[in-house]
Amino acid sequence: MDRLKHFQSLIDQSAIQSAVTPNGGIYLMKLSFGTPPVDYMAVADTGSDLIWIQCVPCLQPQCYPQGSPPFDPQASSTYKKIPCDSDSCQALPRYRCSIDANDCQYSYSYGDKSFTKGILSTDTLTFDDANGQKTAFPTSIFGCGHNNQGKFRSPSAGLVGLGGGPLSLVSQISTQIDNRFSYCLVPRSASSSSKLLFGQEAIISRPGAVSTPLVTKTPQTFYYLSLEGVSIGDKTAQAGSSQGNIIIDSGTTLTYLESSFYSSLETIVKDAIGVDPVKDPSGTFSLCYGSETNINVPEMVFHFSGADLRLQPVNTFAKFDDNLVCMLIAPTPSDLPLSIFGNFAQINLQVEYDLEKWTVSFVPTDCTNQ
């Protein structure tokens, strides 16, 4: 038992981390699957739970091209399928049992209509640590995806759920990482990567951090925060009801606000910019300006409960198609029942999730120098 404790403490003290790289509107993290370990990049997503990767057999159009061979379970000596009557299988939102083999066949979908279907499995997941060593987590639960469609694209081989539910990576390794992780998202244009940090290394040590409580709601997958309002100068758009009214999500690109809250913010933004907006032909963005007008993007302050978070222009506006500059905040679509603080809004902030104290903290950081 002492020997087991010794190994446990070795894992406890290792500084587990993962390189995080921008890829279009999402961020990819590095990890390895199987024995011997095979490296992959997968979407880092705090808005979902399931870890999954494309697995052999994986034929198009059921699978998307990922730029490297899919994971081959038969090539891993530690791979196992999870039986259908297990707690892990029953923790899935949707599953069915295969008639012949008692396998747990999962079906998991996302807000943008993307989905993955396959076999719930276990294998060793391996991460780098700060000392250039590797830390392995045996019998980690993940989905071996044989039908994965939607907005997934190369070089991502799958997705790592970092949400609050039992199947997420942070829940599975919670005791070894002190219930804590943090990340720093570099701007889209950056050629460098930053780090997703777990455990003691994740603690924000620099001054200027602000913290806001997490709110417990269902589903437990989501990290709910309370956004009371957004200010520009001395004008504030107020949220209707703020208790747990927005989720923080590294896997969603834009920030979405409830429509009347959004409208009052848009009015304040238009007044502050003072130039006539133009229409976005694609219909993606609600507020755009011609890039030749050289607009002055105002600083916005997001008033979370107990935390005033200043967002810079990189967080709130971006240039598209050479001739449009658009706001990265939009009204929630009618089929989306919740507001989302997306990943553009989190660029150049170290964001720490402390799931022991049940808080999220932010501090301005040049993530390219992390």
# chains A, B, ... in the order shown; residues from 1 in each chain; ligands from 1
>>> residues_around(residues="segment 236-252 of chain A", least_positions_apart="4", cutoff="9 Å", atoms="only C-alpha atoms", output="PyMOL selection string")
chain A and resi 25-27+43-48+163+185+214-217+222-232+256-258+260-268+304-305+338-344+346
>>> residues_around(residues="segment 359-362 of chain A", least_positions_apart="3", cutoff="10 Å", atoms="only C-alpha atoms", output="ChimeraX atom specification")
/A:180-182,184,203-204,208-215,223-225,248,307-310,346,348-356,365
>>> write_last_selection(atoms="N, CA and C atoms", output="compact mmCIF listing (two decimals), in the first residue's frame")
# COMPACT_ATOMS: atom_id res chain seq x y z
N ARG A 180 -7.98 20.79 -10.51
CA ARG A 180 -7.64 22.12 -11.02
C ARG A 180 -6.96 22.03 -12.37
N PHE A 181 -7.33 22.93 -13.29
CA PHE A 181 -6.62 23.04 -14.56
C PHE A 181 -6.72 24.47 -15.07
N SER A 182 -5.82 24.84 -15.97
CA SER A 182 -5.90 26.18 -16.57
C SER A 182 -5.35 26.14 -17.99
N CYS A 184 -4.28 28.95 -21.56
CA CYS A 184 -4.01 30.30 -22.04
C CYS A 184 -4.12 30.19 -23.56
N ILE A 203 -2.19 26.91 -11.08
CA ILE A 203 -2.58 28.04 -10.22
C ILE A 203 -2.05 29.34 -10.79
N ILE A 204 -2.92 30.34 -10.88
CA ILE A 204 -2.50 31.67 -11.36
C ILE A 204 -1.68 32.32 -10.27
N GLY A 208 -3.25 40.70 -10.39
CA GLY A 208 -4.28 41.22 -11.30
C GLY A 208 -5.36 40.22 -11.65
N ALA A 209 -5.35 39.05 -11.00
CA ALA A 209 -6.37 38.03 -11.30
C ALA A 209 -7.70 38.41 -10.67
N VAL A 210 -8.78 38.07 -11.35
CA VAL A 210 -10.13 38.21 -10.78
C VAL A 210 -10.80 36.84 -10.79
N SER A 211 -11.64 36.57 -9.79
CA SER A 211 -12.28 35.25 -9.67
C SER A 211 -13.78 35.39 -9.55
N THR A 212 -14.48 34.45 -10.14
CA THR A 212 -15.95 34.44 -10.07
C THR A 212 -16.42 33.03 -9.72
N PRO A 213 -17.50 32.91 -8.91
CA PRO A 213 -17.93 31.56 -8.53
C PRO A 213 -18.60 30.80 -9.67
N LEU A 214 -18.40 29.49 -9.70
CA LEU A 214 -19.17 28.62 -10.58
C LEU A 214 -20.53 28.38 -9.92
N VAL A 215 -21.54 28.18 -10.75
CA VAL A 215 -22.89 27.95 -10.24
C VAL A 215 -23.29 26.52 -10.59
N TYR A 223 -19.87 24.53 -17.28
CA TYR A 223 -19.36 25.42 -16.23
C TYR A 223 -20.15 26.73 -16.30
N TYR A 224 -21.13 26.87 -15.39
CA TYR A 224 -22.01 28.05 -15.41
C TYR A 224 -21.41 29.19 -14.60
N LEU A 225 -21.40 30.39 -15.19
CA LEU A 225 -20.98 31.61 -14.49
C LEU A 225 -22.16 32.58 -14.47
N ILE A 248 -18.96 29.00 -19.72
CA ILE A 248 -17.66 29.31 -20.32
C ILE A 248 -17.23 28.08 -21.11
N ALA A 307 -16.21 39.74 -10.31
CA ALA A 307 -15.04 39.82 -11.20
C ALA A 307 -15.33 40.70 -12.40
N ASP A 308 -14.67 41.84 -12.47
CA ASP A 308 -14.78 42.71 -13.66
C ASP A 308 -13.64 42.34 -14.61
N LEU A 309 -14.00 41.78 -15.76
CA LEU A 309 -13.01 41.28 -16.71
C LEU A 309 -12.93 42.20 -17.92
N ARG A 310 -11.76 42.83 -18.12
CA ARG A 310 -11.55 43.74 -19.25
C ARG A 310 -11.18 42.96 -20.49
N GLN A 346 -11.66 34.65 -24.70
CA GLN A 346 -10.70 34.18 -23.69
C GLN A 346 -9.24 34.28 -24.16
N ASN A 348 -5.56 35.47 -24.79
CA ASN A 348 -4.61 36.25 -23.96
C ASN A 348 -5.09 36.46 -22.53
N LEU A 349 -5.78 35.45 -22.01
CA LEU A 349 -6.10 35.39 -20.58
C LEU A 349 -5.64 34.02 -20.09
N GLN A 350 -5.03 33.96 -18.92
CA GLN A 350 -4.90 32.65 -18.30
C GLN A 350 -6.20 32.41 -17.56
N VAL A 351 -6.83 31.28 -17.86
CA VAL A 351 -8.14 30.96 -17.28
C VAL A 351 -7.95 29.72 -16.41
N GLU A 352 -8.21 29.87 -15.12
CA GLU A 352 -8.01 28.76 -14.18
C GLU A 352 -9.35 28.28 -13.63
N TYR A 353 -9.58 26.99 -13.74
CA TYR A 353 -10.78 26.35 -13.18
C TYR A 353 -10.36 25.65 -11.89
N ASP A 354 -10.86 26.11 -10.75
CA ASP A 354 -10.58 25.46 -9.47
C ASP A 354 -11.86 24.75 -9.04
N LEU A 355 -11.89 23.44 -9.26
CA LEU A 355 -13.12 22.69 -9.04
C LEU A 355 -13.23 22.21 -7.59
N GLU A 356 -12.26 22.61 -6.75
CA GLU A 356 -12.33 22.39 -5.31
C GLU A 356 -13.05 23.60 -4.68
N THR A 365 -2.73 37.91 -19.85
CA THR A 365 -1.44 37.22 -20.05
C THR A 365 -1.10 37.26 -21.54
>>> select_by_dssp(residues="segment 40-95 of chain A", states="strand (DSSP E)", output="list in words")
Tyr40, Met41, Ala42, Val43, Ala44, Asp45, Trp52, Ile53, Gln54, Lys80, Lys81 and Tyr95 of chain A
>>> atom_distance(atom1="atom CA of Pro331 of chain A", atom2="atom CA of Met300 of chain A")
16.7 Å
>>> select_by_dssp(residues="segment 24-228 of chain A", states="alpha helix (DSSP H)", output="compact mmCIF listing (two decimals) with C-alpha atoms, in the first residue's frame")
# COMPACT_ATOMS: atom_id res chain seq x y z
CA ASP A 87 -21.48 2.61 -14.71
CA SER A 88 -19.35 4.38 -17.33
CA CYS A 89 -21.63 3.24 -20.13
CA GLN A 90 -24.71 4.30 -18.22
CA LEU A 169 -10.76 14.05 -18.62
CA VAL A 170 -10.69 16.41 -15.62
CA SER A 171 -13.23 14.26 -13.74
CA GLN A 172 -11.38 11.03 -14.51
>>> closest_atom_pairs(of="segment 24-76 of chain A", to="segment 130-149 of chain A", cutoff="10 Å", atoms="only C-alpha atoms", output="Markdown table")
| residue | atom | partner | partner_atom | distance |
| --- | --- | --- | --- | --- |
| A:Ser32 | CA | A:Ala136 | CA | 9.0 |
| A:Phe33 | CA | A:Ser140 | CA | 9.5 |
| A:Gly34 | CA | A:Pro138 | CA | 9.0 |
| A:Thr35 | CA | A:Pro138 | CA | 9.8 |
| A:Pro37 | CA | A:Ala136 | CA | 9.4 |
| A:Asp49 | CA | A:Phe142 | CA | 9.9 |
| A:Leu50 | CA | A:Phe142 | CA | 6.6 |
| A:Ile51 | CA | A:Phe142 | CA | 4.8 |
| A:Trp52 | CA | A:Gly143 | CA | 4.2 |
| A:Ile53 | CA | A:Cys144 | CA | 5.6 |
| A:Gln54 | CA | A:Gly145 | CA | 4.6 |
| A:Cys55 | CA | A:Cys144 | CA | 5.3 |
| A:Val56 | CA | A:His146 | CA | 7.0 |
| A:Pro57 | CA | A:His146 | CA | 6.5 |
| A:Cys58 | CA | A:His146 | CA | 5.2 |
| A:Leu59 | CA | A:His146 | CA | 7.9 |
| A:Gln60 | CA | A:Asn147 | CA | 8.8 |
| A:Pro61 | CA | A:Gln149 | CA | 8.0 |
| A:Gln62 | CA | A:Asn147 | CA | 4.6 |
| A:Cys63 | CA | A:Asn148 | CA | 5.1 |
| A:Tyr64 | CA | A:Gln149 | CA | 6.8 |
| A:Pro70 | CA | A:Gly145 | CA | 9.4 |
| A:Phe71 | CA | A:Cys144 | CA | 8.2 |
| A:Asp72 | CA | A:Cys144 | CA | 9.3 |
| A:Pro73 | CA | A:Cys144 | CA | 8.3 |
>>> write_last_selection(atoms="N, CA and C atoms", output="PDB file, in the first residue's frame")
ATOM      1  N   SER A  32      -1.443  11.334 -25.934  1.00  0.00           N
ATOM      2  CA  SER A  32      -1.155  10.055 -26.588  1.00  0.00           C
ATOM      3  C   SER A  32      -2.135   8.997 -26.105  1.00  0.00           C
ATOM      4  N   PHE A  33      -2.468   8.091 -27.015  1.00  0.00           N
ATOM      5  CA  PHE A  33      -3.373   6.978 -26.715  1.00  0.00           C
ATOM      6  C   PHE A  33      -2.619   5.668 -26.880  1.00  0.00           C
ATOM      7  N   GLY A  34      -2.894   4.698 -25.961  1.00  0.00           N
ATOM      8  CA  GLY A  34      -2.469   3.322 -26.185  1.00  0.00           C
ATOM      9  C   GLY A  34      -1.077   2.970 -25.684  1.00  0.00           C
ATOM     10  N   THR A  35      -0.742   1.687 -25.867  1.00  0.00           N
ATOM     11  CA  THR A  35       0.577   1.149 -25.526  1.00  0.00           C
ATOM     12  C   THR A  35       1.071   0.316 -26.711  1.00  0.00           C
ATOM     13  N   PRO A  37       2.479   4.314 -26.834  1.00  0.00           N
ATOM     14  CA  PRO A  37       1.686   5.531 -27.015  1.00  0.00           C
ATOM     15  C   PRO A  37       1.818   6.131 -28.418  1.00  0.00           C
ATOM     16  N   ASP A  49     -18.099  16.423 -22.285  1.00  0.00           N
ATOM     17  CA  ASP A  49     -17.427  15.490 -21.378  1.00  0.00           C
ATOM     18  C   ASP A  49     -16.636  14.383 -22.064  1.00  0.00           C
ATOM     19  N   LEU A  50     -17.204  13.779 -23.078  1.00  0.00           N
ATOM     20  CA  LEU A  50     -16.605  12.567 -23.646  1.00  0.00           C
ATOM     21  C   LEU A  50     -15.249  12.857 -24.299  1.00  0.00           C
ATOM     22  N   ILE A  51     -14.267  11.999 -24.004  1.00  0.00           N
ATOM     23  CA  ILE A  51     -13.007  11.985 -24.765  1.00  0.00           C
ATOM     24  C   ILE A  51     -13.226  10.973 -25.893  1.00  0.00           C
ATOM     25  N   TRP A  52     -12.903  11.330 -27.129  1.00  0.00           N
ATOM     26  CA  TRP A  52     -13.019  10.336 -28.197  1.00  0.00           C
ATOM     27  C   TRP A  52     -11.976  10.588 -29.274  1.00  0.00           C
ATOM     28  N   ILE A  53     -11.697   9.544 -30.015  1.00  0.00           N
ATOM     29  CA  ILE A  53     -10.708   9.632 -31.083  1.00  0.00           C
ATOM     30  C   ILE A  53     -11.168   8.741 -32.235  1.00  0.00           C
ATOM     31  N   GLN A  54     -10.813   9.118 -33.453  1.00  0.00           N
ATOM     32  CA  GLN A  54     -11.179   8.275 -34.605  1.00  0.00           C
ATOM     33  C   GLN A  54     -10.400   6.962 -34.549  1.00  0.00           C
ATOM     34  N   CYS A  55     -11.127   5.856 -34.742  1.00  0.00           N
ATOM     35  CA  CYS A  55     -10.524   4.526 -34.613  1.00  0.00           C
ATOM     36  C   CYS A  55     -10.730   3.703 -35.874  1.00  0.00           C
ATOM     37  N   VAL A  56      -9.766   2.839 -36.153  1.00  0.00           N
ATOM     38  CA  VAL A  56      -9.880   1.846 -37.225  1.00  0.00           C
ATOM     39  C   VAL A  56     -10.954   0.821 -36.806  1.00  0.00           C
ATOM     40  N   PRO A  57     -11.848   0.356 -37.671  1.00  0.00           N
ATOM     41  CA  PRO A  57     -12.032   0.798 -39.065  1.00  0.00           C
ATOM     42  C   PRO A  57     -12.767   2.148 -39.128  1.00  0.00           C
ATOM     43  N   CYS A  58     -12.278   2.988 -40.031  1.00  0.00           N
ATOM     44  CA  CYS A  58     -12.809   4.349 -40.105  1.00  0.00           C
ATOM     45  C   CYS A  58     -12.759   4.800 -41.559  1.00  0.00           C
ATOM     46  N   LEU A  59     -13.850   4.606 -42.268  1.00  0.00           N
ATOM     47  CA  LEU A  59     -13.842   4.894 -43.699  1.00  0.00           C
ATOM     48  C   LEU A  59     -14.659   6.134 -44.000  1.00  0.00           C
ATOM     49  N   GLN A  60     -14.174   6.967 -44.928  1.00  0.00           N
ATOM     50  CA  GLN A  60     -14.985   8.105 -45.376  1.00  0.00           C
ATOM     51  C   GLN A  60     -16.189   7.562 -46.139  1.00  0.00           C
ATOM     52  N   PRO A  61     -17.380   8.184 -46.072  1.00  0.00           N
ATOM     53  CA  PRO A  61     -17.642   9.472 -45.418  1.00  0.00           C
ATOM     54  C   PRO A  61     -17.959   9.362 -43.930  1.00  0.00           C
ATOM     55  N   GLN A  62     -17.923   8.159 -43.332  1.00  0.00           N
ATOM     56  CA  GLN A  62     -18.233   8.061 -41.896  1.00  0.00           C
ATOM     57  C   GLN A  62     -17.184   8.768 -41.048  1.00  0.00           C
ATOM     58  N   CYS A  63     -15.954   8.854 -41.564  1.00  0.00           N
ATOM     59  CA  CYS A  63     -14.895   9.531 -40.841  1.00  0.00           C
ATOM     60  C   CYS A  63     -14.349  10.660 -41.700  1.00  0.00           C
ATOM     61  N   TYR A  64     -13.707  11.622 -41.067  1.00  0.00           N
ATOM     62  CA  TYR A  64     -13.151  12.758 -41.799  1.00  0.00           C
ATOM     63  C   TYR A  64     -11.628  12.574 -41.887  1.00  0.00           C
ATOM     64  N   PRO A  70      -5.875   6.875 -38.265  1.00  0.00           N
ATOM     65  CA  PRO A  70      -6.717   6.752 -37.070  1.00  0.00           C
ATOM     66  C   PRO A  70      -6.089   5.767 -36.077  1.00  0.00           C
ATOM     67  N   PHE A  71      -6.511   5.850 -34.827  1.00  0.00           N
ATOM     68  CA  PHE A  71      -6.010   4.958 -33.779  1.00  0.00           C
ATOM     69  C   PHE A  71      -6.431   3.523 -34.096  1.00  0.00           C
ATOM     70  N   ASP A  72      -5.484   2.603 -33.960  1.00  0.00           N
ATOM     71  CA  ASP A  72      -5.782   1.186 -34.209  1.00  0.00           C
ATOM     72  C   ASP A  72      -5.805   0.445 -32.871  1.00  0.00           C
ATOM     73  N   PRO A  73      -6.993   0.119 -32.344  1.00  0.00           N
ATOM     74  CA  PRO A  73      -7.071  -0.528 -31.042  1.00  0.00           C
ATOM     75  C   PRO A  73      -6.295  -1.841 -30.990  1.00  0.00           C
TER      76      PRO A  73
END
>>> closest_residue(among="A:Leu31, A:Pro22, A:Ile119, A:Thr221", to="Val160 of chain A", atoms="only C-alpha atoms")
A:Leu31
>>> atom_distance(atom1="atom CA of Gln220 of chain A", atom2="atom CA of Leu336 of chain A")
17.1 Å
>>> atom_distance(atom1="atom CA of Ile177 of chain A", atom2="atom CA of Gln17 of chain A")
10.5 Å
>>> residues_around(residues="Asp276 of chain A", least_positions_apart="4", cutoff="10 Å", atoms="only C-alpha atoms", output="list of chain:residue names")
A:Lys270, A:Asp271, A:Cys288, A:Tyr289, A:Gly290, A:Thr293
>>> write_last_selection(atoms="C-alpha atoms", output="tab-separated table (two decimals), in the first residue's frame")
chain	number	residue	atom	x	y	z
A	270	LYS	CA	-22.65	51.29	-32.14
A	271	ASP	CA	-22.77	54.55	-30.16
A	288	CYS	CA	-19.90	44.44	-38.91
A	289	TYR	CA	-18.07	47.45	-40.30
A	290	GLY	CA	-16.22	47.98	-43.56
A	293	THR	CA	-13.36	52.77	-42.13
